[in-house]
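To start, the structure itself, in structure tokens.
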Amino acid sequence: MRNAWPTLDWTAWRETAIALQLRTQIIGKVRLALTPWLNHSWHVPLYVSARGLTSSAIPVGARILEIDFDFRHDRLIFMTSDGRSRGIGLHAGSIADFHAAVIACLNELDVPSRFDGRPSEMPDAIPFAEDHASRPYDADAVRGFWQALIHIAGAFGEFRTGFLGKASPVHFFWGSFDLAATRFSGRTAPRHPGGVPGLPDDVTCEAYSHEEASIGFWPGSDAYPTAALYAYAYPSPEGYAAAKVAPDAAAWDTTLGEFILPYDAVRTAPDPRAAILAFCHSTYDAAADLAHWDRDALECPLGRPRVPRVVA
């Protein structure tokens, strides 16, 4: 597992993936309920960790709460800075039971347990407390997904070091169930039209308030049942869809309105990390050039361990 690029077959682990997405949404909504709003909803994502996914520090009065999905040991772990902890097993079962167990853990830790009980960005979703269907949990498939996230987050993180302007962390959005990182030109963007299913327009408009170029990765969905990396710009500059990007397996998807690089093309490439970086650089170059970003002011060489950025 240490160096492997796992196979990700959406159809094979679909039910587990959907169940995991719903579970991450419950934890994400706990963070959302307790954390002050940060621009572009940067206060809500999870982060790839040495265990799986983590909420990072959540403020609870004078204390800190951290919630970790431990994919190695199939556990969800709640920890507070006063030394208390609780845990829930990650296994087959209903979302309603998981939701109830999360609330019980929060109550036992004296953490406010009121949060939005409705899934986000999922069509025809049932409220968590009413979702009593038994759902599977394929632990090996989850660990494979996590291993892919580790590889891709590392490449995205390296790419992020080459930018001096405003840039997001590499973070995992539980609503859309994807890993993402975004660069900003510094200019405001036209108001987004909204209309994202399961997401209030106010949230969408705030997220896209400024001109941006994003990269990301998702494991697949019913609408697009293939694991893939993606890239888009908002607003999309004229000529962006026709831009030449790398590697050769990357192409513009007219339905999604994004550049797509199939995960299998990355996994089987002679140098998967180089393939990801080529995709990141080429899609960003196209967006920045066509939209006339001030690239000289915004960019710098990629960072290297223990080597400070040279300032003239």
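For the structure tokens, the naming scheme is as follows: chains receive sequential letters (A, B, ...) according to their order of presentation, residues are indexed from 1 within each chain, and ligands are indexed from 1 in presentation order.
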Near Asp82 of chain A, within 10 Å and counting only C-alpha atoms, which residues show up once chain neighbours fewer than 3 positions away are dropped, as JSON, numbers by chain? {"A": [62, 63, 64, 65, 79, 85, 109]}
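Close contacts of Pro136 of chain A, defined as residues with an atom at most 10 Å away when counting only C-alpha atoms, with chain neighbours fewer than 3 positions off set aside, comprise Trp13, Arg14, Glu15, Thr16, Ala17, Ile18, Ala19, Leu20, His91, Ala92, Gly93, Ser94, Ala133 and Ala139 of chain A.
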Keeping only N, CA, C and O atoms, write the selected residues to a file as a short mmCIF file (atom, residue, chain, number, x, y, z; two decimals), in the first residue's frame.
data_model
loop_
_atom_site.label_atom_id
_atom_site.label_comp_id
_atom_site.auth_asym_id
_atom_site.auth_seq_id
_atom_site.Cartn_x
_atom_site.Cartn_y
_atom_site.Cartn_z
N TRP A 13 -17.43 -0.02 -6.06
CA TRP A 13 -17.55 0.44 -4.67
C TRP A 13 -18.56 1.57 -4.50
O TRP A 13 -18.57 2.28 -3.50
N ARG A 14 -19.47 1.70 -5.45
CA ARG A 14 -20.45 2.79 -5.46
C ARG A 14 -21.21 2.89 -4.14
O ARG A 14 -21.32 3.98 -3.56
N GLU A 15 -21.76 1.81 -3.65
CA GLU A 15 -22.59 1.88 -2.45
C GLU A 15 -21.76 2.31 -1.24
O GLU A 15 -22.22 3.10 -0.40
N THR A 16 -20.55 1.79 -1.13
CA THR A 16 -19.67 2.22 -0.04
C THR A 16 -19.30 3.68 -0.19
O THR A 16 -19.27 4.43 0.81
N ALA A 17 -19.03 4.12 -1.41
CA ALA A 17 -18.64 5.51 -1.65
C ALA A 17 -19.76 6.47 -1.25
O ALA A 17 -19.52 7.51 -0.61
N ILE A 18 -20.98 6.14 -1.62
CA ILE A 18 -22.12 7.00 -1.27
C ILE A 18 -22.30 7.04 0.24
O ILE A 18 -22.53 8.10 0.83
N ALA A 19 -22.18 5.88 0.88
CA ALA A 19 -22.30 5.84 2.34
C ALA A 19 -21.19 6.65 3.00
O ALA A 19 -21.43 7.36 3.99
N LEU A 20 -19.98 6.56 2.47
CA LEU A 20 -18.87 7.34 3.02
C LEU A 20 -19.10 8.83 2.81
O LEU A 20 -18.83 9.64 3.71
N HIS A 91 -18.36 0.78 9.67
CA HIS A 91 -18.76 -0.54 9.23
C HIS A 91 -20.11 -0.44 8.53
O HIS A 91 -20.69 0.65 8.45
N ALA A 92 -20.60 -1.55 8.04
CA ALA A 92 -21.91 -1.56 7.40
C ALA A 92 -22.98 -1.14 8.39
O ALA A 92 -22.89 -1.40 9.59
N GLY A 93 -24.01 -0.49 7.89
CA GLY A 93 -25.10 -0.04 8.75
C GLY A 93 -25.81 1.14 8.14
O GLY A 93 -25.48 1.60 7.03
N SER A 94 -26.77 1.68 8.86
CA SER A 94 -27.57 2.78 8.31
C SER A 94 -26.94 4.13 8.63
O SER A 94 -26.22 4.29 9.63
N ALA A 133 -31.83 2.74 5.58
CA ALA A 133 -31.37 1.63 4.73
C ALA A 133 -30.00 1.14 5.18
O ALA A 133 -29.13 1.95 5.53
N ALA A 139 -14.03 -1.80 3.49
CA ALA A 139 -12.88 -1.12 4.08
C ALA A 139 -11.70 -1.06 3.13
O ALA A 139 -10.97 -0.06 3.09
#
Kindly provide the residues of segment 183-247 of chain A that approach segment 167-173 of chain A to within 12 Å, each paired with its closest atom pair and their distance in Å to one decimal, based on only C-alpha atoms, listed by chain and increasing number, as a Markdown table.
| residue | atom | partner | partner_atom | distance |
| --- | --- | --- | --- | --- |
| A:Arg183 | CA | A:Ala167 | CA | 4.5 |
| A:Phe184 | CA | A:Ala167 | CA | 6.1 |
| A:Ser185 | CA | A:Ala167 | CA | 9.3 |
| A:Gly186 | CA | A:Ala167 | CA | 10.0 |
| A:Ala207 | CA | A:Ser168 | CA | 11.5 |
| A:His210 | CA | A:Ala167 | CA | 11.5 |
| A:Glu211 | CA | A:Ala167 | CA | 11.5 |
| A:Glu212 | CA | A:Ala167 | CA | 9.2 |
| A:Ala213 | CA | A:Ala167 | CA | 9.6 |
| A:Ser214 | CA | A:Ser168 | CA | 9.4 |
| A:Ile215 | CA | A:Val170 | CA | 9.6 |
| A:Gly216 | CA | A:Val170 | CA | 9.0 |
| A:Phe217 | CA | A:Phe172 | CA | 9.3 |
| A:Trp218 | CA | A:Phe172 | CA | 9.6 |
| A:Pro219 | CA | A:Phe172 | CA | 11.9 |
Near-segment 114-118 of chain A list (8 Å; only C-alpha atoms; drop same-chain fewer than 5 positions) as an MDAnalysis selection string: chainID A and resid 26 29:30 32:33 125:129
Alpha helix (DSSP H) residues, from DSSP on the backbone, in segment 64-191 of chain A, as a tab-separated table (two decimals) with all heavy atoms, in the first residue's frame:
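Dumped everything to result-v2.tsv:
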chain	number	residue	atom	x	y	z
A	95	ILE	N	-27.27	5.11	7.80
A	95	ILE	CA	-26.83	6.48	8.04
A	95	ILE	C	-27.54	7.03	9.28
A	95	ILE	O	-26.96	7.79	10.06
A	95	ILE	CB	-27.10	7.35	6.81
A	95	ILE	CG1	-26.28	6.84	5.60
A	95	ILE	CG2	-26.77	8.81	7.09
A	95	ILE	CD1	-24.79	6.77	5.85
A	96	ALA	N	-28.78	6.64	9.49
A	96	ALA	CA	-29.52	7.10	10.67
A	96	ALA	C	-28.81	6.67	11.95
A	96	ALA	O	-28.69	7.46	12.90
A	96	ALA	CB	-30.95	6.56	10.63
A	97	ASP	N	-28.35	5.42	11.99
A	97	ASP	CA	-27.64	4.95	13.19
A	97	ASP	C	-26.32	5.69	13.37
A	97	ASP	O	-25.94	6.03	14.50
A	97	ASP	CB	-27.39	3.44	13.09
A	97	ASP	CG	-28.66	2.62	13.32
A	97	ASP	OD1	-29.67	3.19	13.79
A	97	ASP	OD2	-28.64	1.41	13.01
A	98	PHE	N	-25.60	5.92	12.28
A	98	PHE	CA	-24.34	6.66	12.35
A	98	PHE	C	-24.60	8.09	12.85
A	98	PHE	O	-23.88	8.60	13.71
A	98	PHE	CB	-23.67	6.67	10.98
A	98	PHE	CG	-22.34	7.37	10.93
A	98	PHE	CD1	-21.19	6.70	11.29
A	98	PHE	CD2	-22.25	8.69	10.52
A	98	PHE	CE1	-19.95	7.35	11.24
A	98	PHE	CE2	-21.03	9.34	10.46
A	98	PHE	CZ	-19.87	8.66	10.83
A	99	HIS	N	-25.62	8.72	12.30
A	99	HIS	CA	-26.00	10.08	12.70
A	99	HIS	C	-26.30	10.12	14.20
A	99	HIS	O	-25.82	11.02	14.92
A	99	HIS	CB	-27.21	10.51	11.88
A	99	HIS	CG	-27.78	11.84	12.22
A	99	HIS	ND1	-28.89	11.99	13.02
A	99	HIS	CD2	-27.40	13.09	11.87
A	99	HIS	CE1	-29.18	13.28	13.13
A	99	HIS	NE2	-28.29	13.97	12.44
A	100	ALA	N	-27.05	9.15	14.68
A	100	ALA	CA	-27.38	9.12	16.11
A	100	ALA	C	-26.13	8.91	16.96
A	100	ALA	O	-25.99	9.50	18.04
A	100	ALA	CB	-28.40	8.01	16.37
A	101	ALA	N	-25.21	8.07	16.49
A	101	ALA	CA	-23.98	7.80	17.24
A	101	ALA	C	-23.11	9.05	17.30
A	101	ALA	O	-22.47	9.32	18.33
A	101	ALA	CB	-23.22	6.65	16.61
A	102	VAL	N	-23.05	9.82	16.22
A	102	VAL	CA	-22.29	11.07	16.21
A	102	VAL	C	-22.86	12.04	17.24
A	102	VAL	O	-22.11	12.64	18.04
A	102	VAL	CB	-22.29	11.70	14.81
A	102	VAL	CG1	-21.76	13.15	14.85
A	102	VAL	CG2	-21.44	10.87	13.85
A	103	ILE	N	-24.16	12.20	17.25
A	103	ILE	CA	-24.79	13.11	18.22
A	103	ILE	C	-24.52	12.65	19.64
A	103	ILE	O	-24.22	13.47	20.53
A	103	ILE	CB	-26.31	13.20	17.94
A	103	ILE	CG1	-26.53	13.96	16.61
A	103	ILE	CG2	-27.03	13.89	19.09
A	103	ILE	CD1	-27.97	14.01	16.18
A	104	ALA	N	-24.57	11.34	19.87
A	104	ALA	CA	-24.30	10.82	21.21
A	104	ALA	C	-22.87	11.14	21.64
A	104	ALA	O	-22.63	11.55	22.79
A	104	ALA	CB	-24.55	9.31	21.24
A	105	CYS	N	-21.91	10.98	20.75
A	105	CYS	CA	-20.51	11.29	21.08
A	105	CYS	C	-20.35	12.77	21.40
A	105	CYS	O	-19.66	13.14	22.36
A	105	CYS	CB	-19.59	10.89	19.93
A	105	CYS	SG	-19.32	9.11	19.77
A	106	LEU	N	-20.94	13.63	20.59
A	106	LEU	CA	-20.84	15.07	20.84
A	106	LEU	C	-21.45	15.42	22.20
A	106	LEU	O	-20.86	16.20	22.96
A	106	LEU	CB	-21.54	15.84	19.72
A	106	LEU	CG	-20.92	15.73	18.32
A	106	LEU	CD1	-21.82	16.41	17.30
A	106	LEU	CD2	-19.52	16.35	18.29
A	107	ASN	N	-22.60	14.85	22.51
A	107	ASN	CA	-23.23	15.14	23.80
A	107	ASN	C	-22.35	14.68	24.96
A	107	ASN	O	-22.22	15.37	25.98
A	107	ASN	CB	-24.60	14.47	23.87
A	107	ASN	CG	-25.63	15.15	22.99
A	107	ASN	OD1	-25.50	16.34	22.68
A	107	ASN	ND2	-26.64	14.41	22.58
A	108	GLU	N	-21.73	13.51	24.82
A	108	GLU	CA	-20.87	12.99	25.88
A	108	GLU	C	-19.64	13.85	26.08
A	108	GLU	O	-19.07	13.89	27.19
A	108	GLU	CB	-20.48	11.55	25.57
A	108	GLU	CG	-21.63	10.57	25.67
A	108	GLU	CD	-21.28	9.20	25.11
A	108	GLU	OE1	-20.09	8.95	24.84
A	108	GLU	OE2	-22.20	8.37	24.94
A	139	ALA	N	-14.03	-1.80	3.49
A	139	ALA	CA	-12.88	-1.12	4.08
A	139	ALA	C	-11.70	-1.06	3.13
A	139	ALA	O	-10.97	-0.06	3.09
A	139	ALA	CB	-12.48	-1.82	5.39
A	140	ASP	N	-11.47	-2.11	2.34
A	140	ASP	CA	-10.35	-2.10	1.41
A	140	ASP	C	-10.54	-1.05	0.32
A	140	ASP	O	-9.58	-0.37	-0.08
A	140	ASP	CB	-10.17	-3.49	0.78
A	140	ASP	CG	-9.62	-4.50	1.75
A	140	ASP	OD1	-8.98	-4.10	2.75
A	140	ASP	OD2	-9.84	-5.71	1.54
A	141	ALA	N	-11.78	-0.90	-0.16
A	141	ALA	CA	-12.06	0.11	-1.17
A	141	ALA	C	-11.84	1.52	-0.61
A	141	ALA	O	-11.29	2.40	-1.28
A	141	ALA	CB	-13.48	-0.03	-1.70
A	142	VAL	N	-12.25	1.72	0.63
A	142	VAL	CA	-12.05	3.03	1.27
A	142	VAL	C	-10.56	3.32	1.43
A	142	VAL	O	-10.10	4.43	1.16
A	142	VAL	CB	-12.76	3.08	2.63
A	142	VAL	CG1	-12.38	4.34	3.39
A	142	VAL	CG2	-14.27	3.01	2.44
A	143	ARG	N	-9.79	2.32	1.83
A	143	ARG	CA	-8.35	2.52	1.98
A	143	ARG	C	-7.70	2.80	0.62
A	143	ARG	O	-6.75	3.59	0.53
A	143	ARG	CB	-7.72	1.32	2.67
A	143	ARG	CG	-7.93	1.33	4.18
A	143	ARG	CD	-7.12	0.26	4.87
A	143	ARG	NE	-7.76	-1.04	4.83
A	143	ARG	CZ	-8.65	-1.47	5.74
A	143	ARG	NH1	-9.00	-0.69	6.75
A	143	ARG	NH2	-9.18	-2.66	5.65
A	144	GLY	N	-8.20	2.16	-0.43
A	144	GLY	CA	-7.68	2.45	-1.76
A	144	GLY	C	-7.95	3.89	-2.17
A	144	GLY	O	-7.08	4.58	-2.72
A	145	PHE	N	-9.16	4.37	-1.90
A	145	PHE	CA	-9.51	5.76	-2.19
A	145	PHE	C	-8.62	6.70	-1.41
A	145	PHE	O	-8.10	7.70	-1.96
A	145	PHE	CB	-10.98	5.98	-1.84
A	145	PHE	CG	-11.45	7.40	-1.95
A	145	PHE	CD1	-11.23	8.15	-3.09
A	145	PHE	CD2	-12.15	7.98	-0.90
A	145	PHE	CE1	-11.68	9.46	-3.20
A	145	PHE	CE2	-12.60	9.29	-1.00
A	145	PHE	CZ	-12.36	10.03	-2.14
A	146	TRP	N	-8.41	6.41	-0.14
A	146	TRP	CA	-7.54	7.25	0.70
A	146	TRP	C	-6.12	7.28	0.15
A	146	TRP	O	-5.48	8.33	0.09
A	146	TRP	CB	-7.57	6.71	2.13
A	146	TRP	CG	-6.55	7.29	3.05
A	146	TRP	CD1	-6.24	8.59	3.25
A	146	TRP	CD2	-5.69	6.54	3.93
A	146	TRP	NE1	-5.25	8.72	4.19
A	146	TRP	CE2	-4.89	7.48	4.63
A	146	TRP	CE3	-5.54	5.19	4.21
A	146	TRP	CZ2	-3.94	7.08	5.57
A	146	TRP	CZ3	-4.61	4.80	5.15
A	146	TRP	CH2	-3.81	5.74	5.82
A	147	GLN	N	-5.61	6.12	-0.30
A	147	GLN	CA	-4.26	6.09	-0.86
A	147	GLN	C	-4.17	6.95	-2.11
A	147	GLN	O	-3.17	7.67	-2.30
A	147	GLN	CB	-3.86	4.65	-1.18
A	147	GLN	CG	-2.42	4.47	-1.60
A	147	GLN	CD	-1.44	4.78	-0.48
A	147	GLN	OE1	-1.80	4.76	0.69
A	147	GLN	NE2	-0.20	5.08	-0.84
A	148	ALA	N	-5.20	6.93	-2.94
A	148	ALA	CA	-5.22	7.81	-4.12
A	148	ALA	C	-5.21	9.27	-3.69
A	148	ALA	O	-4.50	10.11	-4.27
A	148	ALA	CB	-6.44	7.51	-4.98
A	149	LEU	N	-5.99	9.60	-2.66
A	149	LEU	CA	-6.01	10.98	-2.15
A	149	LEU	C	-4.63	11.41	-1.67
A	149	LEU	O	-4.21	12.56	-1.89
A	149	LEU	CB	-7.01	11.10	-1.00
A	149	LEU	CG	-8.50	11.04	-1.35
A	149	LEU	CD1	-9.33	11.07	-0.08
A	149	LEU	CD2	-8.90	12.18	-2.27
A	150	ILE	N	-3.91	10.51	-1.00
A	150	ILE	CA	-2.57	10.85	-0.50
A	150	ILE	C	-1.65	11.23	-1.67
A	150	ILE	O	-0.97	12.25	-1.63
A	150	ILE	CB	-1.98	9.67	0.28
A	150	ILE	CG1	-2.73	9.47	1.60
A	150	ILE	CG2	-0.49	9.88	0.55
A	150	ILE	CD1	-2.35	8.21	2.35
A	151	HIS	N	-1.65	10.40	-2.70
A	151	HIS	CA	-0.80	10.68	-3.86
A	151	HIS	C	-1.17	12.02	-4.51
A	151	HIS	O	-0.30	12.85	-4.82
A	151	HIS	CB	-0.96	9.57	-4.89
A	151	HIS	CG	-0.27	8.29	-4.55
A	151	HIS	ND1	1.08	8.21	-4.28
A	151	HIS	CD2	-0.73	7.02	-4.45
A	151	HIS	CE1	1.42	6.96	-4.02
A	151	HIS	NE2	0.33	6.22	-4.11
A	152	ILE	N	-2.46	12.22	-4.74
A	152	ILE	CA	-2.90	13.39	-5.49
A	152	ILE	C	-2.74	14.66	-4.65
A	152	ILE	O	-2.32	15.71	-5.17
A	152	ILE	CB	-4.34	13.20	-5.99
A	152	ILE	CG1	-4.37	12.03	-6.99
A	152	ILE	CG2	-4.87	14.47	-6.63
A	152	ILE	CD1	-5.74	11.51	-7.31
A	153	ALA	N	-3.04	14.57	-3.36
A	153	ALA	CA	-2.86	15.73	-2.48
A	153	ALA	C	-1.39	16.16	-2.45
A	153	ALA	O	-1.09	17.36	-2.40
A	153	ALA	CB	-3.35	15.42	-1.08
A	154	GLY	N	-0.48	15.19	-2.49
A	154	GLY	CA	0.93	15.54	-2.52
A	154	GLY	C	1.32	16.32	-3.76
A	154	GLY	O	2.05	17.31	-3.68
A	155	ALA	N	0.81	15.90	-4.91
A	155	ALA	CA	1.11	16.60	-6.16
A	155	ALA	C	0.45	17.99	-6.17
A	155	ALA	O	1.07	18.99	-6.56
A	155	ALA	CB	0.64	15.78	-7.35
A	156	PHE	N	-0.81	18.06	-5.72
A	156	PHE	CA	-1.48	19.36	-5.65
A	156	PHE	C	-0.73	20.30	-4.70
A	156	PHE	O	-0.63	21.51	-4.96
A	156	PHE	CB	-2.92	19.19	-5.16
A	156	PHE	CG	-3.89	18.66	-6.18
A	156	PHE	CD1	-3.49	18.31	-7.46
A	156	PHE	CD2	-5.23	18.51	-5.86
A	156	PHE	CE1	-4.39	17.83	-8.41
A	156	PHE	CE2	-6.15	18.04	-6.79
A	156	PHE	CZ	-5.74	17.70	-8.06
A	157	GLY	N	-0.26	19.76	-3.59
A	157	GLY	CA	0.48	20.59	-2.64
A	157	GLY	C	1.75	21.15	-3.24
A	157	GLY	O	2.12	22.31	-2.98
A	158	GLU	N	2.46	20.33	-4.01
A	158	GLU	CA	3.67	20.82	-4.68
A	158	GLU	C	3.31	21.93	-5.67
A	158	GLU	O	3.99	22.97	-5.73
A	158	GLU	CB	4.38	19.68	-5.40
A	158	GLU	CG	5.65	20.11	-6.11
A	158	GLU	CD	6.37	18.96	-6.80
A	158	GLU	OE1	6.00	17.79	-6.58
A	158	GLU	OE2	7.30	19.25	-7.58
A	159	PHE	N	2.27	21.72	-6.45
A	159	PHE	CA	1.83	22.73	-7.41
A	159	PHE	C	1.48	24.04	-6.70
A	159	PHE	O	1.81	25.14	-7.19
A	159	PHE	CB	0.61	22.20	-8.17
A	159	PHE	CG	-0.03	23.19	-9.10
A	159	PHE	CD1	0.64	23.68	-10.20
A	159	PHE	CD2	-1.33	23.63	-8.87
A	159	PHE	CE1	0.05	24.60	-11.07
A	159	PHE	CE2	-1.94	24.54	-9.72
A	159	PHE	CZ	-1.25	25.03	-10.82
A	160	ARG	N	0.88	23.95	-5.53
A	160	ARG	CA	0.47	25.15	-4.79
A	160	ARG	C	1.65	26.03	-4.41
A	160	ARG	O	1.52	27.24	-4.28
A	160	ARG	CB	-0.30	24.73	-3.54
A	160	ARG	CG	-0.91	25.88	-2.75
A	160	ARG	CD	-1.72	25.34	-1.57
A	160	ARG	NE	-2.40	26.42	-0.85
A	160	ARG	CZ	-1.90	27.06	0.19
A	160	ARG	NH1	-0.69	26.73	0.65
A	160	ARG	NH2	-2.57	28.01	0.80
Which neighbours of segment 292-308 of chain A fall inside 6 Å, counting only C-alpha atoms, when residues of the same chain fewer than 4 positions from it are skipped, and could you give them as a PyMOL selection string? chain A and resi 161-165+185+288
Write out as an mmCIF file with all heavy atoms, in the first residue's frame the residues lying within 7 Å of segment 236-250 of chain A, counting only C-alpha atoms and excluding same-chain residues fewer than 5 positions away.
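Here's the written file result_35.cif:
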data_model
loop_
_atom_site.group_PDB
_atom_site.id
_atom_site.type_symbol
_atom_site.label_atom_id
_atom_site.label_comp_id
_atom_site.auth_asym_id
_atom_site.auth_seq_id
_atom_site.Cartn_x
_atom_site.Cartn_y
_atom_site.Cartn_z
ATOM 1 N N PHE A 259 -11.900 20.555 -18.014
ATOM 2 C CA PHE A 259 -10.908 19.626 -18.516
ATOM 3 C C PHE A 259 -10.904 18.395 -17.607
ATOM 4 O O PHE A 259 -10.986 18.509 -16.378
ATOM 5 C CB PHE A 259 -9.516 20.258 -18.533
ATOM 6 C CG PHE A 259 -9.327 21.254 -19.645
ATOM 7 C CD1 PHE A 259 -9.322 22.619 -19.385
ATOM 8 C CD2 PHE A 259 -9.158 20.815 -20.955
ATOM 9 C CE1 PHE A 259 -9.143 23.540 -20.400
ATOM 10 C CE2 PHE A 259 -8.986 21.725 -21.988
ATOM 11 C CZ PHE A 259 -8.988 23.088 -21.708
ATOM 12 N N ILE A 260 -10.785 17.234 -18.219
ATOM 13 C CA ILE A 260 -10.826 15.966 -17.488
ATOM 14 C C ILE A 260 -9.573 15.153 -17.825
ATOM 15 O O ILE A 260 -9.190 15.039 -18.997
ATOM 16 C CB ILE A 260 -12.076 15.143 -17.866
ATOM 17 C CG1 ILE A 260 -13.347 15.870 -17.409
ATOM 18 C CG2 ILE A 260 -12.017 13.747 -17.259
ATOM 19 C CD1 ILE A 260 -13.483 16.009 -15.913
ATOM 20 N N LEU A 261 -8.955 14.597 -16.793
ATOM 21 C CA LEU A 261 -7.847 13.659 -16.951
ATOM 22 C C LEU A 261 -8.232 12.386 -16.227
ATOM 23 O O LEU A 261 -8.296 12.370 -14.995
ATOM 24 C CB LEU A 261 -6.557 14.239 -16.375
ATOM 25 C CG LEU A 261 -5.344 13.296 -16.356
ATOM 26 C CD1 LEU A 261 -4.961 12.869 -17.768
ATOM 27 C CD2 LEU A 261 -4.158 13.967 -15.654
ATOM 28 N N ALA A 265 -5.508 6.987 -16.463
ATOM 29 C CA ALA A 265 -4.382 7.464 -17.270
ATOM 30 C C ALA A 265 -3.248 7.936 -16.379
ATOM 31 O O ALA A 265 -2.070 7.784 -16.730
ATOM 32 C CB ALA A 265 -4.850 8.592 -18.188
ATOM 33 N N ALA A 275 2.529 13.439 -14.450
ATOM 34 C CA ALA A 275 1.306 13.595 -15.240
ATOM 35 C C ALA A 275 0.342 14.555 -14.548
ATOM 36 O O ALA A 275 -0.280 15.413 -15.198
ATOM 37 C CB ALA A 275 0.641 12.238 -15.454
ATOM 38 N N ALA A 278 1.729 18.107 -14.840
ATOM 39 C CA ALA A 278 1.544 18.623 -16.192
ATOM 40 C C ALA A 278 0.115 19.099 -16.399
ATOM 41 O O ALA A 278 -0.125 20.149 -17.028
ATOM 42 C CB ALA A 278 1.891 17.532 -17.216
ATOM 43 N N PHE A 279 -0.833 18.363 -15.874
ATOM 44 C CA PHE A 279 -2.239 18.752 -15.970
ATOM 45 C C PHE A 279 -2.488 20.044 -15.187
ATOM 46 O O PHE A 279 -3.134 20.971 -15.690
ATOM 47 C CB PHE A 279 -3.108 17.615 -15.431
ATOM 48 C CG PHE A 279 -4.590 17.850 -15.555
ATOM 49 C CD1 PHE A 279 -5.199 17.878 -16.794
ATOM 50 C CD2 PHE A 279 -5.380 18.009 -14.423
ATOM 51 C CE1 PHE A 279 -6.580 18.080 -16.919
ATOM 52 C CE2 PHE A 279 -6.749 18.208 -14.528
ATOM 53 C CZ PHE A 279 -7.348 18.244 -15.778
ATOM 54 N N SER A 282 -0.616 23.059 -17.069
ATOM 55 C CA SER A 282 -1.122 23.420 -18.392
ATOM 56 C C SER A 282 -2.532 23.997 -18.336
ATOM 57 O O SER A 282 -2.857 24.941 -19.077
ATOM 58 C CB SER A 282 -1.075 22.213 -19.330
ATOM 59 O OG SER A 282 -1.909 21.163 -18.881
ATOM 60 N N THR A 283 -3.385 23.465 -17.464
ATOM 61 C CA THR A 283 -4.738 24.022 -17.367
ATOM 62 C C THR A 283 -4.716 25.400 -16.708
ATOM 63 O O THR A 283 -5.468 26.300 -17.106
ATOM 64 C CB THR A 283 -5.668 23.076 -16.594
ATOM 65 O OG1 THR A 283 -5.108 22.765 -15.312
ATOM 66 C CG2 THR A 283 -5.891 21.784 -17.369
ATOM 67 N N ALA A 286 -3.383 27.968 -19.272
ATOM 68 C CA ALA A 286 -4.412 28.355 -20.242
ATOM 69 C C ALA A 286 -5.363 29.376 -19.637
ATOM 70 O O ALA A 286 -5.691 30.401 -20.255
ATOM 71 C CB ALA A 286 -5.178 27.119 -20.708
ATOM 72 N N ALA A 287 -5.816 29.124 -18.396
ATOM 73 C CA ALA A 287 -6.747 30.052 -17.749
ATOM 74 C C ALA A 287 -6.091 31.409 -17.508
ATOM 75 O O ALA A 287 -6.682 32.469 -17.796
ATOM 76 C CB ALA A 287 -7.238 29.458 -16.439
ATOM 77 N N LEU A 290 -5.281 33.328 -20.969
ATOM 78 C CA LEU A 290 -6.464 33.786 -21.697
ATOM 79 C C LEU A 290 -7.232 34.863 -20.935
ATOM 80 O O LEU A 290 -7.885 35.715 -21.540
ATOM 81 C CB LEU A 290 -7.378 32.597 -22.003
ATOM 82 C CG LEU A 290 -6.812 31.594 -23.022
ATOM 83 C CD1 LEU A 290 -7.652 30.319 -23.045
ATOM 84 C CD2 LEU A 290 -6.770 32.225 -24.427
ATOM 85 N N ALA A 291 -7.138 34.837 -19.599
ATOM 86 C CA ALA A 291 -7.832 35.841 -18.789
ATOM 87 C C ALA A 291 -6.914 37.002 -18.399
ATOM 88 O O ALA A 291 -7.328 37.898 -17.663
ATOM 89 C CB ALA A 291 -8.407 35.194 -17.531
#
From A:Leu199, A:Leu179, A:Cys205, A:Leu34, residue lying nearest Leu229 of chain A [only C-alpha atoms]: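 Between A:Leu199, A:Leu179, A:Cys205, A:Leu34, the residue approaching Leu229 of chain A most closely is A:Leu179.
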Any idea what the distance is between atom CA of Ser56 of chain A and atom CA of Tyr208 of chain A?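 It comes out at 23.9 Å.
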Atom-to-atom span, atom CA of Ser221 of chain A and atom CA of Trp10 of chain A, Å: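 Atom CA of Trp10 of chain A lies at a distance of 7.2 Å from atom CA of Ser221 of chain A.
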Filtered DSSP result for segment 48-156 of chain A, state strand (DSSP E or B), as number ranges by chain: A: 48, 52-54, 58-60, 63-70, 75-80, 85-89, 93, 135
Applying 10 Å and only C-alpha atoms, which residues near Thr268 of chain A remain after dropping the ones on its own chain fewer than 4 positions away? List them as a list of chain:residue names.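 Near neighbours after the sequence-gap exclusion: A:Trp5, A:Thr7, A:Tyr263, A:Asp264, A:Pro272.
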Include N, CA, C and O atoms and write out the residues we just selected as an mmCIF file, in the first residue's frame.
data_model
loop_
_atom_site.group_PDB
_atom_site.id
_atom_site.type_symbol
_atom_site.label_atom_id
_atom_site.label_comp_id
_atom_site.auth_asym_id
_atom_site.auth_seq_id
_atom_site.Cartn_x
_atom_site.Cartn_y
_atom_site.Cartn_z
ATOM 1 N N TRP A 5 -0.551 2.807 -6.556
ATOM 2 C CA TRP A 5 -1.647 3.607 -7.073
ATOM 3 C C TRP A 5 -2.820 2.646 -7.255
ATOM 4 O O TRP A 5 -2.824 1.836 -8.170
ATOM 5 N N THR A 7 -6.446 0.775 -7.966
ATOM 6 C CA THR A 7 -7.529 0.835 -8.941
ATOM 7 C C THR A 7 -8.762 1.418 -8.271
ATOM 8 O O THR A 7 -9.090 1.060 -7.136
ATOM 9 N N TYR A 263 -8.389 9.170 -14.104
ATOM 10 C CA TYR A 263 -7.489 8.674 -13.071
ATOM 11 C C TYR A 263 -6.676 7.488 -13.569
ATOM 12 O O TYR A 263 -5.485 7.360 -13.247
ATOM 13 N N ASP A 264 -7.280 6.617 -14.363
ATOM 14 C CA ASP A 264 -6.548 5.452 -14.867
ATOM 15 C C ASP A 264 -5.368 5.860 -15.734
ATOM 16 O O ASP A 264 -4.339 5.177 -15.754
ATOM 17 N N PRO A 272 3.291 9.004 -12.608
ATOM 18 C CA PRO A 272 1.971 9.568 -12.299
ATOM 19 C C PRO A 272 2.027 10.983 -11.744
ATOM 20 O O PRO A 272 1.202 11.833 -12.102
#
